[in-house]
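J.: TSV, C-alpha atoms and all ligand atoms, saved as data.tsv, coming up:
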```tsv
chain	number	residue	atom	x	y	z
R	27	MET	CA	-227.37	35.56	-14.39
R	28	GLY	CA	-228.78	36.31	-17.84
R	29	SER	CA	-232.27	35.70	-19.05
R	30	ASP	CA	-231.44	33.27	-21.80
R	31	ASN	CA	-234.03	30.74	-20.89
R	32	ARG	CA	-235.19	29.88	-24.35
R	33	GLU	CA	-233.40	26.59	-24.54
R	34	ALA	CA	-235.72	24.12	-26.23
R	35	THR	CA	-237.10	21.55	-23.87
R	36	PRO	CA	-236.06	18.17	-25.22
R	37	GLN	CA	-238.91	16.00	-26.40
R	38	ALA	CA	-239.25	13.01	-24.14
R	39	PRO	CA	-236.47	10.89	-25.57
R	40	VAL	CA	-236.97	7.21	-26.00
R	41	PRO	CA	-233.80	5.38	-25.00
R	42	SER	CA	-232.75	2.51	-27.17
R	43	CYS	CA	-231.49	0.66	-24.12
R	44	PRO	CA	-234.28	-1.81	-23.25
R	45	ASP	CA	-233.31	-1.88	-19.60
R	46	CYS	CA	-233.64	1.91	-19.32
R	47	GLN	CA	-236.96	1.73	-21.14
R	48	ALA	CA	-238.27	-0.83	-18.69
R	49	ALA	CA	-237.04	1.19	-15.73
R	50	LEU	CA	-238.60	4.40	-17.02
R	51	GLU	CA	-241.93	2.75	-17.66
R	52	ALA	CA	-241.99	1.26	-14.18
R	53	THR	CA	-241.47	4.49	-12.29
R	54	GLY	CA	-242.63	2.86	-9.10
R	55	ARG	CA	-240.75	3.13	-5.87
R	56	ASP	CA	-238.89	-0.09	-6.48
R	57	ALA	CA	-237.23	1.24	-9.59
R	58	VAL	CA	-235.79	4.28	-7.88
R	59	SER	CA	-232.12	4.67	-6.99
R	60	PHE	CA	-230.58	7.60	-5.21
R	61	LEU	CA	-227.79	9.74	-6.53
R	62	LEU	CA	-225.65	11.36	-3.86
R	63	VAL	CA	-223.45	14.12	-5.12
R	64	ASP	CA	-221.98	16.61	-2.64
R	65	SER	CA	-224.96	17.79	-0.57
R	66	LEU	CA	-227.58	16.67	-3.08
R	67	THR	CA	-229.64	13.53	-2.80
R	68	LEU	CA	-231.82	12.96	-5.82
R	69	PRO	CA	-233.98	9.97	-6.70
R	70	VAL	CA	-233.10	8.74	-10.19
R	71	VAL	CA	-234.46	6.08	-12.53
R	72	GLY	CA	-232.60	4.17	-15.22
R	73	CYS	CA	-230.86	0.87	-15.75
R	74	GLU	CA	-227.77	-0.04	-13.73
R	75	VAL	CA	-225.37	0.55	-16.60
R	76	HIS	CA	-226.56	4.00	-17.51
R	77	LEU	CA	-227.09	5.14	-13.93
R	78	GLU	CA	-223.47	4.21	-13.35
R	79	GLN	CA	-222.38	6.29	-16.35
R	80	PHE	CA	-224.50	9.16	-15.10
R	81	ARG	CA	-222.93	8.89	-11.66
R	82	LEU	CA	-219.43	8.93	-13.11
R	83	VAL	CA	-220.08	12.02	-15.20
R	84	CYS	CA	-221.77	13.90	-12.34
R	85	GLY	CA	-218.85	12.98	-10.10
R	86	LEU	CA	-216.30	14.59	-12.43
R	87	THR	CA	-217.12	18.06	-11.13
R	88	SER	CA	-218.09	17.26	-7.55
R	89	GLU	CA	-215.89	17.71	-4.52
R	90	ASN	CA	-216.47	14.15	-3.42
R	91	PRO	CA	-217.10	11.20	-5.72
R	92	ALA	CA	-220.78	10.86	-6.53
R	93	ARG	CA	-222.44	7.79	-5.09
R	94	LEU	CA	-225.39	5.72	-6.11
R	95	LEU	CA	-227.61	3.94	-3.60
R	96	SER	CA	-230.21	1.35	-4.48
R	97	HIS	CA	-232.02	1.98	-1.21
R	98	ARG	CA	-233.25	5.07	0.53
R	99	PRO	CA	-230.24	6.73	2.16
R	100	ALA	CA	-229.95	6.82	5.91
R	101	GLY	CA	-231.66	9.97	7.05
R	102	GLY	CA	-233.81	9.97	3.93
R	103	ILE	CA	-233.99	12.75	1.38
R	104	ILE	CA	-233.40	16.11	2.96
R	105	CYS	CA	-235.37	18.26	0.53
R	106	PRO	CA	-239.16	18.07	1.02
R	107	GLY	CA	-239.71	18.91	-2.66
R	108	CYS	CA	-237.61	15.96	-3.75
R	109	ARG	CA	-239.37	13.73	-1.27
R	110	ARG	CA	-242.75	14.54	-2.78
R	111	ALA	CA	-241.52	14.51	-6.35
R	112	SER	CA	-242.16	10.85	-7.10
R	113	ARG	CA	-245.88	11.65	-7.24
R	114	GLN	CA	-245.50	14.19	-10.00
R	115	PRO	CA	-246.21	12.89	-13.48
R	116	THR	CA	-243.38	14.53	-15.41
R	117	HIS	CA	-239.68	14.66	-14.82
R	118	PRO	CA	-236.67	15.56	-16.94
R	119	ILE	CA	-235.00	12.69	-18.73
R	120	VAL	CA	-231.33	12.94	-19.55
R	121	ARG	CA	-229.99	11.06	-22.55
R	122	ILE	CA	-226.81	9.21	-21.85
R	123	GLY	CA	-225.37	7.13	-24.66
R	124	GLN	CA	-227.98	4.61	-25.72
R	125	GLY	CA	-229.87	5.01	-22.47
R	126	ALA	CA	-231.70	7.60	-20.44
R	127	VAL	CA	-231.92	8.54	-16.80
R	128	ALA	CA	-234.97	10.21	-15.26
R	129	LEU	CA	-234.43	12.65	-12.41
R	130	ILE	CA	-237.16	12.45	-9.79
R	131	GLY	CA	-236.63	15.53	-7.68
R	132	CYS	CA	-237.94	19.04	-7.18
R	133	GLN	CA	-237.32	21.43	-10.05
R	134	SER	CA	-234.40	23.21	-8.50
R	135	HIS	CA	-232.53	20.05	-7.59
R	136	GLU	CA	-233.27	18.44	-10.94
R	137	LYS	CA	-231.68	21.48	-12.51
R	138	ASP	CA	-228.69	21.33	-10.17
R	139	VAL	CA	-228.01	17.76	-11.17
R	140	ILE	CA	-228.52	18.46	-14.89
R	141	ASP	CA	-226.05	21.37	-14.64
R	142	ARG	CA	-223.58	19.12	-12.94
R	143	TYR	CA	-224.01	16.45	-15.56
R	144	ARG	CA	-223.42	18.99	-18.33
R	145	ALA	CA	-220.34	20.33	-16.59
R	146	GLY	CA	-219.06	16.81	-16.17
R	147	ARG	CA	-219.60	16.05	-19.82
R	148	GLU	CA	-217.64	19.12	-20.81
R	149	THR	CA	-214.85	18.19	-18.48
R	150	ARG	CA	-214.77	14.72	-19.90
R	151	GLY	CA	-214.83	16.10	-23.44
R	152	GLN	CA	-211.74	18.17	-22.66
R	153	LEU	CA	-210.00	15.22	-21.07
R	154	ASN	CA	-211.21	12.97	-23.85
R	155	VAL	CA	-211.42	10.17	-21.37
R	156	ASP	CA	-213.57	7.74	-23.21
R	157	GLY	CA	-214.21	9.04	-26.67
R	158	PRO	CA	-217.48	9.70	-28.41
R	159	LEU	CA	-220.71	8.17	-27.21
R	160	SER	CA	-221.96	7.59	-30.72
R	161	GLU	CA	-220.86	4.06	-31.37
R	162	SER	CA	-223.82	1.94	-32.34
R	163	PRO	CA	-224.25	-1.59	-31.06
R	164	LEU	CA	-224.62	-4.53	-33.41
R	165	ASP	CA	-228.20	-5.49	-33.96
S	1	ZN	ZN	-229.73	1.58	-19.88
S	2	ZN	ZN	-235.22	19.14	-3.92
```
Represent the structure contained in this file as structure tokens.
T.:
Amino acid sequence: MGSDNREATPQAPVPSCPDCQAALEATGRDAVSFLLVDSLTLPVVGCEVHLEQFRLVCGLTSENPARLLSHRPAGGIICPGCRRASRQPTHPIVRIGQGAVALIGCQSHEKDVIDRYRAGRETRGQLNVDGPLSESPLD
């Protein structure tokens, strides 16, 4: 509820992780993985490391552990909107540490997954599982 929808849309963030950058630029079918969390199946794009982090955070608030598939899941993607989404030019990109993960689904499922990610981050913040994400790598 509530009509507080004025949250600023983040400017397309440029990840400093080169592998995420490469994955985001090559948003072809080959680069797509599939995040399975509860009843959601959402195509996602990012490097292995940051997709794994994303999966872990999303899984913190799910009933079953979130899973990541590098191939189309058996039975395919249930939602027709998500199935068509890879042809749309713009998708939300979630910053995660030094990297970024693009969500390639329909708007409502993209939002579901973003909500879940946020909830997971809060949960992790309370548990203080792995400290701040602000450490900078050596150049
Ligand atoms: Zn990355
Ligand atoms: Zn969908």
J.: Of the candidates R:Ile140, R:Ile104, R:Ala52, R:Val58, which shows the shortest atom-to-atom distance to Pro118 in chain R, using all atoms listed in the file?
T.: R:Ile140
J.: What lies within 12 Å of Ser65 in chain R using only C-alpha atoms, ignoring chain neighbours under 5 positions off, as a list in words?
T.: Ser88, Glu89, Asn90, Pro91, Ala92, Arg93, Ile103, Ile104, Cys105, His135, Asp138 and Val139 of chain R
J.: Could you jot down the CA of Arg150 in chain R to CA of Arg121 in chain R separation for me, Å, one decimal place?
T.: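 Computing the Euclidean distance for CA of Arg150 in chain R and CA of Arg121 in chain R yields 15.9 Å.
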J.: Could you give me, as a ChimeraX atom specification, every polymer residue with an atom at most 7 Å away from an atom of ligand ZN 1 (chain S), counting only C-alpha atoms and all ligand atoms?
T.: /R:43-46,72-76,124-126
J.: Could you check which of R:Gly85, R:Pro106, R:Pro99, R:Gly131 is closest to Gly146 in chain R, using all atoms listed in the file?
T.: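 When distances to Gly146 in chain R are compared using all atoms listed in the file, the smallest one comes from R:Gly85.
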J.: Please measure the separation of CA of Ala49 in chain R and CA of Ala128 in chain R, giving the value in Å to one decimal.
T.: 9.3 Å
J.: Just give me the gap between CA of Cys132 in chain R and CA of Gly151 in chain R in Å, one decimal is fine.
T.: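 That distance, rounded to one decimal, is 28.4 Å.
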